[in-house]
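> Contents of run_8.pdb (PDB, C-alpha atoms and all ligand atoms) are given next:
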ATOM      1  CA  MET D 153       0.000   0.000   0.000
ATOM      2  CA  PRO D 154       1.416   3.474  -0.816
ATOM      3  CA  ASN D 155       2.352   5.633   2.165
ATOM      4  CA  PRO D 156      -0.127   8.451   2.836
ATOM      5  CA  PRO D 157       1.328  11.841   1.822
ATOM      6  CA  THR D 158       3.011  13.793   4.610
ATOM      7  CA  ARG D 159       0.994  16.838   5.567
ATOM      8  CA  SER D 160       2.175  19.852   7.473
ATOM      9  CA  ARG D 161       0.720  20.514  10.911
ATOM     10  CA  VAL D 162      -2.033  23.123  10.899
ATOM     11  CA  ASP D 163      -3.665  24.992  13.754
ATOM     12  CA  VAL D 164      -7.153  23.888  12.737
ATOM     13  CA  ALA D 165      -8.328  21.271  10.232
ATOM     14  CA  SER D 166     -11.963  20.739   9.328
ATOM     15  CA  ILE D 167     -13.738  18.029   7.371
ATOM     16  CA  GLY D 168     -17.179  18.071   5.774
ATOM     17  CA  GLU D 169     -19.238  18.916   2.696
ATOM     18  CA  THR D 170     -19.131  22.238   0.873
ATOM     19  CA  MET D 171     -21.627  23.128  -1.839
ATOM     20  CA  VAL D 172     -22.318  25.986  -4.166
ATOM     21  CA  ALA D 173     -25.248  28.029  -2.869
ATOM     22  CA  PHE D 174     -27.252  30.015  -5.372
ATOM     23  CA  THR D 175     -28.186  32.930  -3.183
ATOM     24  CA  GLY D 176     -30.745  35.626  -3.853
ATOM     25  CA  ARG D 177     -33.148  37.943  -2.102
ATOM     26  CA  ASP D 178     -36.693  36.650  -1.749
ATOM     27  CA  GLY D 179     -38.652  37.285  -4.933
ATOM     28  CA  SER D 180     -35.610  38.190  -7.052
ATOM     29  CA  ARG D 181     -34.294  35.987  -9.858
ATOM     30  CA  ASP D 182     -30.756  37.330  -9.581
ATOM     31  CA  TYR D 183     -28.575  34.727  -7.933
ATOM     32  CA  VAL D 184     -25.004  34.918  -6.722
ATOM     33  CA  ALA D 185     -23.108  31.623  -6.532
ATOM     34  CA  VAL D 186     -21.416  31.485  -3.138
ATOM     35  CA  VAL D 187     -19.321  28.771  -1.545
ATOM     36  CA  ALA D 188     -21.343  27.249   1.295
ATOM     37  CA  GLY D 189     -20.072  24.746   3.773
ATOM     38  CA  ALA D 190     -19.993  25.099   7.515
ATOM     39  CA  GLU D 191     -16.634  23.347   7.913
ATOM     40  CA  SER D 192     -14.839  25.177   5.094
ATOM     41  CA  ASN D 193     -16.298  28.448   6.430
ATOM     42  CA  VAL D 194     -14.537  27.759   9.723
ATOM     43  CA  ALA D 195     -11.261  26.990   7.931
ATOM     44  CA  VAL D 196     -11.572  30.289   6.023
ATOM     45  CA  GLY D 197     -12.246  32.207   9.257
ATOM     46  CA  ILE D 198      -9.171  30.663  10.886
ATOM     47  CA  ALA D 199      -6.996  31.643   7.898
ATOM     48  CA  ALA D 200      -8.490  35.162   7.896
ATOM     49  CA  LEU D 201      -7.107  35.575  11.417
ATOM     50  CA  GLY D 202      -3.626  34.591  10.251
ATOM     51  CA  HIS D 203      -3.614  30.973  11.442
ATOM     52  CA  SER D 204      -3.011  27.844   9.389
ATOM     53  CA  SER D 205      -5.996  25.743   8.408
ATOM     54  CA  ARG D 206      -6.825  22.785   6.221
ATOM     55  CA  TRP D 207     -10.187  21.709   4.826
ATOM     56  CA  VAL D 208     -10.690  18.066   3.835
ATOM     57  CA  SER D 209     -13.550  16.884   1.644
ATOM     58  CA  ARG D 210     -14.823  15.193  -1.507
ATOM     59  CA  LEU D 211     -16.083  17.183  -4.495
ATOM     60  CA  GLY D 212     -17.443  16.324  -7.900
ATOM     61  CA  ASP D 213     -14.818  16.609 -10.605
ATOM     62  CA  ASP D 214     -16.872  19.368 -12.213
ATOM     63  CA  GLN D 215     -16.947  23.135 -12.683
ATOM     64  CA  LEU D 216     -18.734  23.775  -9.382
ATOM     65  CA  GLY D 217     -16.262  21.564  -7.539
ATOM     66  CA  ARG D 218     -13.356  23.533  -8.959
ATOM     67  CA  LEU D 219     -15.103  26.793  -8.038
ATOM     68  CA  VAL D 220     -15.391  25.583  -4.420
ATOM     69  CA  ALA D 221     -11.802  24.319  -4.176
ATOM     70  CA  ASP D 222     -10.335  27.425  -5.841
ATOM     71  CA  GLU D 223     -12.266  29.868  -3.681
ATOM     72  CA  VAL D 224     -11.472  28.129  -0.405
ATOM     73  CA  ALA D 225      -7.787  27.860  -1.395
ATOM     74  CA  ALA D 226      -7.757  31.532  -2.445
ATOM     75  CA  ARG D 227      -8.706  32.395   1.137
ATOM     76  CA  GLY D 228      -5.458  30.841   2.395
ATOM     77  CA  VAL D 229      -6.764  27.390   3.349
ATOM     78  CA  ASP D 230      -4.833  24.201   2.545
ATOM     79  CA  VAL D 231      -7.452  22.333   0.482
ATOM     80  CA  GLU D 232      -7.337  18.525   0.540
ATOM     81  CA  VAL D 233      -9.942  17.251  -1.904
ATOM     82  CA  ASP D 234     -10.705  13.816  -3.262
ATOM     83  CA  TRP D 235     -12.217  14.379  -6.735
ATOM     84  CA  ASP D 236     -15.173  12.204  -7.714
ATOM     85  CA  PRO D 237     -15.555  11.644 -11.475
ATOM     86  CA  ILE D 238     -19.119  10.309 -11.104
ATOM     87  CA  HIS D 239     -20.978  12.122  -8.327
ATOM     88  CA  PRO D 240     -21.473  15.885  -8.613
ATOM     89  CA  THR D 241     -20.667  18.714  -6.237
ATOM     90  CA  GLY D 242     -23.673  19.455  -3.997
ATOM     91  CA  VAL D 243     -25.813  22.493  -4.643
ATOM     92  CA  MET D 244     -28.191  24.505  -2.474
ATOM     93  CA  THR D 245     -30.382  27.544  -2.886
ATOM     94  CA  LYS D 246     -30.791  30.318  -0.344
ATOM     95  CA  HIS D 247     -33.490  32.948  -0.503
ATOM     96  CA  VAL D 248     -32.666  35.661   1.988
ATOM     97  CA  GLY D 249     -35.802  37.343   3.336
ATOM     98  CA  ASP D 250     -36.321  40.029   5.949
ATOM     99  CA  GLY D 251     -37.266  37.512   8.593
ATOM    100  CA  ALA D 252     -35.694  34.198   7.661
ATOM    101  CA  THR D 253     -33.562  32.521   5.028
ATOM    102  CA  GLU D 254     -35.188  29.703   3.038
ATOM    103  CA  ARG D 255     -32.712  26.946   2.182
ATOM    104  CA  ARG D 256     -33.155  24.032  -0.137
ATOM    105  CA  TYR D 257     -30.624  21.274  -0.740
ATOM    106  CA  TYR D 258     -29.765  19.432  -3.935
ATOM    107  CA  ARG D 259     -27.154  17.198  -2.346
ATOM    108  CA  SER D 260     -28.658  13.721  -2.068
ATOM    109  CA  GLN D 261     -26.330  12.349  -4.797
ATOM    110  CA  SER D 262     -23.346  14.544  -4.026
ATOM    111  CA  ALA D 263     -19.736  13.386  -3.983
ATOM    112  CA  ALA D 264     -19.419  14.387  -0.322
ATOM    113  CA  ARG D 265     -22.099  11.909   0.722
ATOM    114  CA  LEU D 266     -19.449   9.256   0.063
ATOM    115  CA  LEU D 267     -17.162  10.675   2.736
ATOM    116  CA  GLY D 268     -16.315   7.801   5.067
ATOM    117  CA  PRO D 269     -14.062   6.698   7.918
ATOM    118  CA  GLY D 270     -11.045   6.330   5.605
ATOM    119  CA  ASP D 271     -11.132  10.081   4.968
ATOM    120  CA  ALA D 272     -10.159  10.719   8.598
ATOM    121  CA  ASP D 273      -6.621   9.689   7.565
ATOM    122  CA  ARG D 274      -6.450  12.615   5.124
ATOM    123  CA  ILE D 275      -6.739  15.201   7.911
ATOM    124  CA  GLY D 276      -3.072  15.107   8.920
ATOM    125  CA  PRO D 277      -1.598  16.671  12.048
ATOM    126  CA  ALA D 278      -3.572  19.546  13.568
ATOM    127  CA  GLY D 279      -4.035  21.360  16.851
ATOM    128  CA  TRP D 280      -7.803  21.113  16.471
ATOM    129  CA  VAL D 281     -10.118  19.196  14.150
ATOM    130  CA  HIS D 282     -13.474  20.864  13.584
ATOM    131  CA  ILE D 283     -16.568  18.814  12.711
ATOM    132  CA  THR D 284     -20.277  19.632  12.607
ATOM    133  CA  GLY D 285     -23.620  17.925  13.070
ATOM    134  CA  ILE D 286     -24.254  18.313   9.338
ATOM    135  CA  THR D 287     -21.809  15.519   8.443
ATOM    136  CA  PRO D 288     -23.503  12.646  10.335
ATOM    137  CA  ALA D 289     -26.790  13.723   8.736
ATOM    138  CA  ILE D 290     -25.695  13.487   5.099
ATOM    139  CA  SER D 291     -25.075   9.711   4.973
ATOM    140  CA  GLU D 292     -24.309   6.596   6.989
ATOM    141  CA  SER D 293     -20.683   6.559   5.860
ATOM    142  CA  ALA D 294     -20.239  10.243   6.737
ATOM    143  CA  ALA D 295     -21.636   9.479  10.205
ATOM    144  CA  ARG D 296     -18.965   6.790  10.538
ATOM    145  CA  LEU D 297     -16.369   9.349   9.451
ATOM    146  CA  VAL D 298     -17.353  11.559  12.393
ATOM    147  CA  ARG D 299     -16.899   8.649  14.800
ATOM    148  CA  ALA D 300     -13.516   7.876  13.190
ATOM    149  CA  VAL D 301     -12.359  11.489  13.657
ATOM    150  CA  LEU D 302     -13.210  11.284  17.357
ATOM    151  CA  ALA D 303     -11.619   7.868  17.773
ATOM    152  CA  ARG D 304      -8.423   8.784  15.916
ATOM    153  CA  ARG D 305      -7.917  12.286  17.298
ATOM    154  CA  ASP D 306      -4.724  11.229  19.096
ATOM    155  CA  ARG D 307      -3.249  10.159  15.780
ATOM    156  CA  HIS D 308      -3.674  13.740  14.565
ATOM    157  CA  GLY D 309      -2.534  15.099  17.948
ATOM    158  CA  ALA D 310      -5.727  17.115  17.920
ATOM    159  CA  ARG D 311      -8.569  18.241  20.105
ATOM    160  CA  VAL D 312     -11.985  18.038  18.447
ATOM    161  CA  SER D 313     -14.436  20.916  18.267
ATOM    162  CA  PHE D 314     -18.026  20.129  17.371
ATOM    163  CA  ASP D 315     -20.619  22.636  16.214
ATOM    164  CA  VAL D 316     -24.115  21.178  16.490
ATOM    165  CA  ASN D 317     -25.307  22.980  13.296
ATOM    166  CA  LEU D 318     -28.741  21.389  13.282
ATOM    167  CA  ARG D 319     -30.156  21.101   9.748
ATOM    168  CA  PRO D 320     -33.636  19.576  10.284
ATOM    169  CA  GLN D 321     -34.107  18.970   6.512
ATOM    170  CA  LEU D 322     -31.292  16.407   6.639
ATOM    171  CA  TRP D 323     -32.754  14.277   9.448
ATOM    172  CA  SER D 324     -35.758  12.000   9.183
ATOM    173  CA  ASP D 325     -36.625  12.680  12.805
ATOM    174  CA  LEU D 326     -35.381  15.079  15.443
ATOM    175  CA  GLY D 327     -35.197  12.348  18.083
ATOM    176  CA  GLU D 328     -32.479  10.618  16.071
ATOM    177  CA  ALA D 329     -30.737  13.954  15.520
ATOM    178  CA  ALA D 330     -30.770  14.585  19.283
ATOM    179  CA  ALA D 331     -29.329  11.156  20.103
ATOM    180  CA  VAL D 332     -26.541  11.373  17.504
ATOM    181  CA  THR D 333     -25.724  14.978  18.433
ATOM    182  CA  ALA D 334     -25.537  14.220  22.151
ATOM    183  CA  ASP D 335     -23.246  11.241  21.512
ATOM    184  CA  ILE D 336     -20.811  13.304  19.461
ATOM    185  CA  ALA D 337     -20.954  16.201  21.905
ATOM    186  CA  ARG D 338     -20.025  13.987  24.853
ATOM    187  CA  ALA D 339     -16.973  12.751  22.965
ATOM    188  CA  ALA D 340     -15.805  16.168  21.697
ATOM    189  CA  ASP D 341     -13.466  18.590  23.487
ATOM    190  CA  LEU D 342     -15.355  21.757  22.585
ATOM    191  CA  VAL D 343     -19.086  21.873  21.842
ATOM    192  CA  LEU D 344     -20.803  24.877  20.242
ATOM    193  CA  VAL D 345     -24.580  25.035  20.173
ATOM    194  CA  GLY D 346     -27.167  27.701  19.355
ATOM    195  CA  ASP D 347     -29.945  28.248  21.915
ATOM    196  CA  ASP D 348     -32.579  27.536  19.222
ATOM    197  CA  GLU D 349     -30.845  24.271  18.279
ATOM    198  CA  ALA D 350     -30.620  23.291  21.943
ATOM    199  CA  ARG D 351     -34.347  23.902  22.448
ATOM    200  CA  ASP D 352     -35.248  21.953  19.285
ATOM    201  CA  LEU D 353     -32.998  19.014  20.116
ATOM    202  CA  PHE D 354     -32.926  18.832  23.905
ATOM    203  CA  GLY D 355     -35.967  20.828  24.954
ATOM    204  CA  THR D 356     -33.912  23.364  26.892
ATOM    205  CA  ASP D 357     -31.379  26.152  26.440
ATOM    206  CA  ASP D 358     -30.553  26.255  30.137
ATOM    207  CA  ILE D 359     -26.796  26.274  30.368
ATOM    208  CA  ASP D 360     -26.594  24.080  33.486
ATOM    209  CA  ARG D 361     -28.830  21.427  32.002
ATOM    210  CA  LEU D 362     -26.919  21.501  28.700
ATOM    211  CA  THR D 363     -23.607  21.236  30.544
ATOM    212  CA  GLU D 364     -24.921  18.209  32.366
ATOM    213  CA  SER D 365     -26.298  16.432  29.315
ATOM    214  CA  LEU D 366     -23.692  17.349  26.676
ATOM    215  CA  THR D 367     -20.425  17.446  28.558
ATOM    216  CA  GLY D 368     -18.703  15.600  31.364
ATOM    217  CA  ARG D 369     -15.238  14.706  30.119
ATOM    218  CA  PRO D 370     -12.414  16.514  31.935
ATOM    219  CA  GLY D 371     -11.326  19.656  30.098
ATOM    220  CA  GLN D 372     -14.435  19.758  27.927
ATOM    221  CA  GLU D 373     -15.885  23.166  27.039
ATOM    222  CA  LEU D 374     -19.400  24.170  26.069
ATOM    223  CA  VAL D 375     -20.370  27.361  24.244
ATOM    224  CA  VAL D 376     -24.004  28.440  23.961
ATOM    225  CA  LYS D 377     -24.738  31.090  21.299
ATOM    226  CA  ARG D 378     -27.901  33.145  21.559
ATOM    227  CA  GLY D 379     -28.137  35.077  18.272
ATOM    228  CA  ALA D 380     -27.898  38.812  19.037
ATOM    229  CA  ALA D 381     -28.030  38.147  22.809
ATOM    230  CA  PRO D 382     -24.862  37.425  24.862
ATOM    231  CA  ALA D 383     -23.086  34.086  24.352
ATOM    232  CA  SER D 384     -21.723  31.984  27.209
ATOM    233  CA  ALA D 385     -18.863  29.548  27.596
ATOM    234  CA  VAL D 386     -18.581  26.962  30.341
ATOM    235  CA  VAL D 387     -14.916  26.278  31.009
ATOM    236  CA  ASP D 388     -13.770  24.360  34.093
ATOM    237  CA  ARG D 389     -17.313  24.666  35.477
ATOM    238  CA  GLU D 390     -17.164  28.444  35.332
ATOM    239  CA  VAL D 391     -19.704  30.287  33.149
ATOM    240  CA  VAL D 392     -18.393  33.330  31.245
ATOM    241  CA  THR D 393     -20.888  35.484  29.333
ATOM    242  CA  VAL D 394     -20.059  38.157  26.739
ATOM    243  CA  SER D 395     -22.413  40.499  24.827
ATOM    244  CA  THR D 396     -22.472  40.534  21.035
ATOM    245  CA  LEU D 397     -21.413  43.646  19.114
ATOM    246  CA  GLY D 398     -24.981  44.306  17.886
ATOM    247  CA  ALA D 399     -23.967  44.631  14.225
ATOM    248  CA  PRO D 400     -26.461  45.230  11.360
ATOM    249  CA  VAL D 401     -27.590  42.048   9.601
ATOM    250  CA  LEU D 402     -27.582  41.819   5.796
ATOM    251  CA  ASP D 403     -27.403  38.005   5.579
ATOM    252  CA  PRO D 404     -27.157  35.947   8.808
ATOM    253  CA  THR D 405     -25.682  32.910   7.040
ATOM    254  CA  GLY D 406     -22.286  31.879   8.291
ATOM    255  CA  ALA D 407     -22.517  33.752  11.608
ATOM    256  CA  GLY D 408     -22.194  30.558  13.635
ATOM    257  CA  ASP D 409     -19.231  29.339  11.567
ATOM    258  CA  ALA D 410     -17.457  32.699  11.849
ATOM    259  CA  PHE D 411     -18.101  32.689  15.593
ATOM    260  CA  ALA D 412     -16.676  29.167  15.864
ATOM    261  CA  ALA D 413     -13.571  30.249  13.916
ATOM    262  CA  GLY D 414     -13.006  33.224  16.217
ATOM    263  CA  TYR D 415     -13.525  31.149  19.355
ATOM    264  CA  LEU D 416     -11.185  28.419  18.069
ATOM    265  CA  ALA D 417      -8.533  30.959  17.075
ATOM    266  CA  GLY D 418      -8.742  32.264  20.651
ATOM    267  CA  CYS D 419      -8.155  28.700  21.887
ATOM    268  CA  VAL D 420      -5.150  28.364  19.545
ATOM    269  CA  ARG D 421      -3.785  31.610  21.016
ATOM    270  CA  GLY D 422      -4.286  30.356  24.578
ATOM    271  CA  TRP D 423      -6.634  33.265  25.353
ATOM    272  CA  SER D 424      -9.106  33.474  28.222
ATOM    273  CA  PRO D 425     -12.722  32.364  27.623
ATOM    274  CA  ARG D 426     -13.815  36.027  27.616
ATOM    275  CA  SER D 427     -11.358  36.963  24.849
ATOM    276  CA  ARG D 428     -12.283  33.839  22.857
ATOM    277  CA  LEU D 429     -15.970  34.778  22.989
ATOM    278  CA  GLN D 430     -15.131  38.344  21.963
ATOM    279  CA  LEU D 431     -13.104  37.171  18.964
ATOM    280  CA  GLY D 432     -16.009  34.904  18.000
ATOM    281  CA  HIS D 433     -18.408  37.853  18.139
ATOM    282  CA  VAL D 434     -16.061  40.071  16.068
ATOM    283  CA  LEU D 435     -15.917  37.517  13.244
ATOM    284  CA  ALA D 436     -19.671  36.847  13.397
ATOM    285  CA  ALA D 437     -20.382  40.599  13.160
ATOM    286  CA  ARG D 438     -18.223  40.789  10.027
ATOM    287  CA  VAL D 439     -19.958  37.969   8.155
ATOM    288  CA  ILE D 440     -23.554  39.068   8.818
ATOM    289  CA  GLY D 441     -22.767  42.400   7.170
ATOM    290  CA  VAL D 442     -22.170  40.784   3.756
ATOM    291  CA  VAL D 443     -24.121  38.424   1.475
ATOM    292  CA  GLY D 444     -22.277  35.109   1.555
ATOM    293  CA  ASP D 445     -21.095  32.563   4.044
ATOM    294  CA  THR D 446     -17.453  33.367   4.555
ATOM    295  CA  VAL D 447     -15.979  36.057   6.704
ATOM    296  CA  PRO D 448     -14.235  38.936   4.882
ATOM    297  CA  ALA D 449     -10.581  38.974   5.962
ATOM    298  CA  PRO D 450      -9.735  41.800   8.371
ATOM    299  CA  ASP D 451      -7.174  44.383   7.161
ATOM    300  CA  PRO D 452      -3.681  44.040   8.623
ATOM    301  CA  HIS D 453      -4.280  47.038  10.950
ATOM    302  CA  GLU D 454      -7.537  45.480  12.186
ATOM    303  CA  LEU D 455      -5.745  42.183  12.821
ATOM    304  CA  VAL D 456      -3.189  43.935  14.998
ATOM    305  CA  ALA D 457      -6.006  45.396  17.143
ATOM    306  CA  LEU D 458      -7.483  41.961  17.768
ATOM    307  CA  THR D 459      -5.709  41.372  21.068
ATOM    308  CA  PRO D 460      -7.358  40.714  24.456
ATOM    309  CA  THR D 461      -6.666  44.334  25.463
ATOM    310  CA  GLY D 462      -7.895  45.716  22.138
ATOM    311  CA  LEU D 463     -11.063  43.639  22.377
ATOM    312  CA  ASP D 464     -11.771  44.728  25.966
ATOM    313  CA  ARG D 465     -11.303  48.342  24.836
ATOM    314  CA  LEU D 466     -13.789  47.815  21.992
ATOM    315  CA  TRP D 467     -16.346  46.349  24.396
ATOM    316  CA  SER D 468     -15.899  49.092  26.987
ATOM    317  CA  ASP D 469     -15.987  51.880  24.316
ATOM    318  CA  ARG D 470     -19.396  50.543  23.271
ATOM    319  CA  GLY D 471     -20.570  50.151  26.854
ATOM    320  CA  LEU D 472     -20.909  46.376  26.442
ATOM    321  CA  ALA D 473     -20.426  43.708  29.104
TER     322      ALA D 473
HETATM  323  O1  LIG D 501     -23.257  27.260   7.918
HETATM  324  C1  LIG D 501     -23.698  28.154   6.959
HETATM  325  C2  LIG D 501     -23.844  27.560   5.560
HETATM  326  O2  LIG D 501     -22.664  27.600   4.894
HETATM  327  C3  LIG D 501     -24.264  26.181   5.616
HETATM  328  O3  LIG D 501     -25.582  26.189   5.991
HETATM  329  C4  LIG D 501     -24.182  25.412   4.380
HETATM  330  O4  LIG D 501     -22.975  23.619   5.127
HETATM  331  C5  LIG D 501     -24.047  24.071   4.865
HETATM  332  C6  LIG D 501     -25.248  23.282   5.124
HETATM  333  O5  LIG D 501     -25.118  22.073   5.079
HETATM  334  O6  LIG D 501     -26.304  23.853   5.399
END
Would you mind giving the structure from this file in structure tokens?
Ligand code: KDG


Amino acid sequence: MPNPPTRSRVDVASIGETMVAFTGRDGSRDYVAVVAGAESNVAVGIAALGHSSRWVSRLGDDQLGRLVADEVAARGVDVEVDWDPIHPTGVMTKHVGDGATERRYYRSQSAARLLGPGDADRIGPAGWVHITGITPAISESAARLVRAVLARRDRHGARVSFDVNLRPQLWSDLGEAAAVTADIARAADLVLVGDDEARDLFGTDDIDRLTESLTGRPGQELVVKRGAAPASAVVDREVVTVSTLGAPVLDPTGAGDAFAAGYLAGCVRGWSPRSRLQLGHVLAARVIGVVGDTVPAPDPHELVALTPTGLDRLWSDRGLA
């Protein structure tokens, strides 16, 4: 058997499906093709903050697949793709309305559905491996991939972060989604969940009850996001809560992924939970101000200001807790 290629160590690697999303405003027939994938969005956010990241996936060997790979790579991410000559790159549509975004998937035959446990070996060495609850929902083999990532994390030398990312359209019933999600969460090192997802899956967004049901391993962290309301992290049994920046929303898509990237980058930097939450909020505020899923890269002078002191100054200047 040939030896697997040697890969450089990255700060954060992620694995999962990325599609092309044809995105338009409700009622308009003008669509923009944007790259849409929770896990690649996180890898892009990590790179935007100046850290190394890798995204691992399968794509159709087609024009849309090349669009995805080229755009993610152009954002500074090491792209590790297995090209499928038969199955196409997944597609979705997004109609952004004033209240909500309507999403529809055309991914049931996609190349990424064939992701499986063997793909865990393509991740290579990383400080963190980021996975989401979308992957176990796309196919049986992709669900086994998630379990393989958790089981083999020591081989990568990595901690695993898990964003619940509930996509009800992908599950046949929410009870199954809750059971699978809880299982993965208990095995992960960092769990990120939205309060709406927590209510839908576990019937509560109470942080103590979520800590009890989703965590328990030593060193495990839980982050609960609450949209525009303050987010909380539970680290070593201590709850830290930080307000959002209250930014204007053009398209909310990608906010959770950008937040996860900021929080993870804070972990990579060894920052306090408060600073990690702040960096998550800064990235989320940037992505909701643009149409598209990926966070616009901060300018070099903005990057320099993203320090724990700079972030505390920003929060106190705006009178935020
Ligand atoms: O996470 C924001 C979007 O990029 C994401 O919804 C697309 O990965 C996606 C999915 O499966 O919905």

> In Å, with one decimal, what is the gap from CA of Thr356 (chain D) to atom C2 of ligand LIG 501 (chain D)?

24.0 Å

> Hey, which of D:Arg227, D:Arg159, D:Arg299, D:Arg256 ends up closest to His203 (chain D)? Count only C-alpha atoms.

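Between D:Arg227, D:Arg159, D:Arg299, D:Arg256, the residue approaching His203 (chain D) most closely is D:Arg227.
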
> Can you tell me, as a count of residues only, what residues are no more than 9 Å from region 399-404 of chain D when counting only C-alpha atoms, ignoring any on the same chain fewer than 3 positions away?

19

> Find, counting all atoms listed in the file, the residue in D:Ala385, D:Ala200, D:Ala337, D:Ala350 that gets nearest to Arg369 (chain D).

D:Ala337

> Quick one: what's the axis-aligned box for ligand LIG 501 (chain D), all listed atoms, 6 Å on every side, centre and edges in Å to one decimal, as lines of an AutoDock Vina configuration file?


center_x = -24.5
center_y = 25.1
center_z = 6.1
size_x = 15.6
size_y = 18.1
size_z = 15.5

> Mind listing the residues within 10 Å of ligand LIG 501 (chain D), only C-alpha atoms and all ligand atoms counted, as a PyMOL selection string?

chain D and resi 168-173+186-194+242-246+255-257+259+284-287+289-290+315+317-322+404-410+444-446

> Rounded to one decimal, what separation in Å do you get between CA of Asp273 (chain D) and CA of Phe314 (chain D)?

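Between CA of Asp273 (chain D) and CA of Phe314 (chain D) the gap is 18.3 Å.
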
> Measuring atom to atom with only C-alpha atoms, identify which of D:Ala303, D:Ile238, D:Leu353, D:Leu416 is nearest to Asp325 (chain D).

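Counting only C-alpha atoms, the residue closest to Asp325 (chain D) is D:Leu353.
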
> Translate the PyMOL selection byres (((chain D and resi 427) around 10) and not hetatm) into a concrete residue list for this structure, as a VMD selection string.

chain D and resid 394 414 to 415 418 to 419 422 to 426 428 to 433 458 to 464

> Applying 6 Å and only C-alpha atoms, which residues near region 212-223 of chain D remain after dropping the ones on its own chain fewer than 5 positions away? List them as a list in words.

Val187, Trp235, Asp236, Pro237, His239, Pro240, Thr241 and Ala263 of chain D

> Residues at most 7 Å from region 343-345 of chain D, counting all atoms listed in the file, excluding those fewer than 6 positions away in the same chain, as a VMD selection string?

chain D and resid 313 to 316 337 373 to 377

> CA of Val162 (chain D) and CA of Gly276 (chain D) are how many Å apart?

8.3 Å

> Just checking: using only C-alpha atoms, which residue out of D:Ser291, D:Asp357, D:Trp467, D:Leu435 ends up closest to Trp323 (chain D)?

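Smallest separation from Trp323 (chain D) among the options: D:Ser291.
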
> I'd like to know which of D:His308, D:Arg361, D:Arg296, D:Arg351 is closest to Arg378 (chain D), using all atoms listed in the file.

D:Arg351

> Could you list the residues chosen by the PyMOL selection byres (((chain D and resi 233) around 8) and not hetatm) in this structure as a compact mmCIF listing (two decimals) with C-alpha atoms, in the coordinates of the input?


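Output below, filename selection_21.txt:
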# COMPACT_ATOMS: atom_id res chain seq x y z
CA VAL D 208 -10.69 18.07 3.84
CA SER D 209 -13.55 16.88 1.64
CA ARG D 210 -14.82 15.19 -1.51
CA LEU D 211 -16.08 17.18 -4.50
CA ALA D 221 -11.80 24.32 -4.18
CA VAL D 231 -7.45 22.33 0.48
CA GLU D 232 -7.34 18.52 0.54
CA ASP D 234 -10.70 13.82 -3.26
CA TRP D 235 -12.22 14.38 -6.74

> Could you spell out the hits of the PyMOL selection byres (((chain D and resi 229) around 8) and not hetatm) on the shown file, as a PyMOL selection string?

chain D and resi 195-196+199+204-207+224-228+230-231

> Ranking D:Gly368, D:Ala417, D:Val447, D:Gly398 by minimum distance to Asp163 (chain D) and counting all atoms listed in the file, which one comes first?

D:Ala417

> Which protein, DNA or RNA residues are at most 6 Å from (-9.7, 14.9, 8.4) in the file's coordinates when you count only C-alpha atoms, listed as a PyMOL selection string?

chain D and resi 167+208+272+274-275

> What lies within 8 Å of Val386 (chain D) using only C-alpha atoms, ignoring chain neighbours under 2 positions off, as a compact mmCIF listing (two decimals) with C-alpha atoms, in the coordinates of the input?


# COMPACT_ATOMS: atom_id res chain seq x y z
CA THR D 363 -23.61 21.24 30.54
CA GLU D 373 -15.88 23.17 27.04
CA LEU D 374 -19.40 24.17 26.07
CA VAL D 375 -20.37 27.36 24.24
CA SER D 384 -21.72 31.98 27.21
CA ASP D 388 -13.77 24.36 34.09
CA ARG D 389 -17.31 24.67 35.48
CA GLU D 390 -17.16 28.44 35.33
CA VAL D 391 -19.70 30.29 33.15
CA VAL D 392 -18.39 33.33 31.24
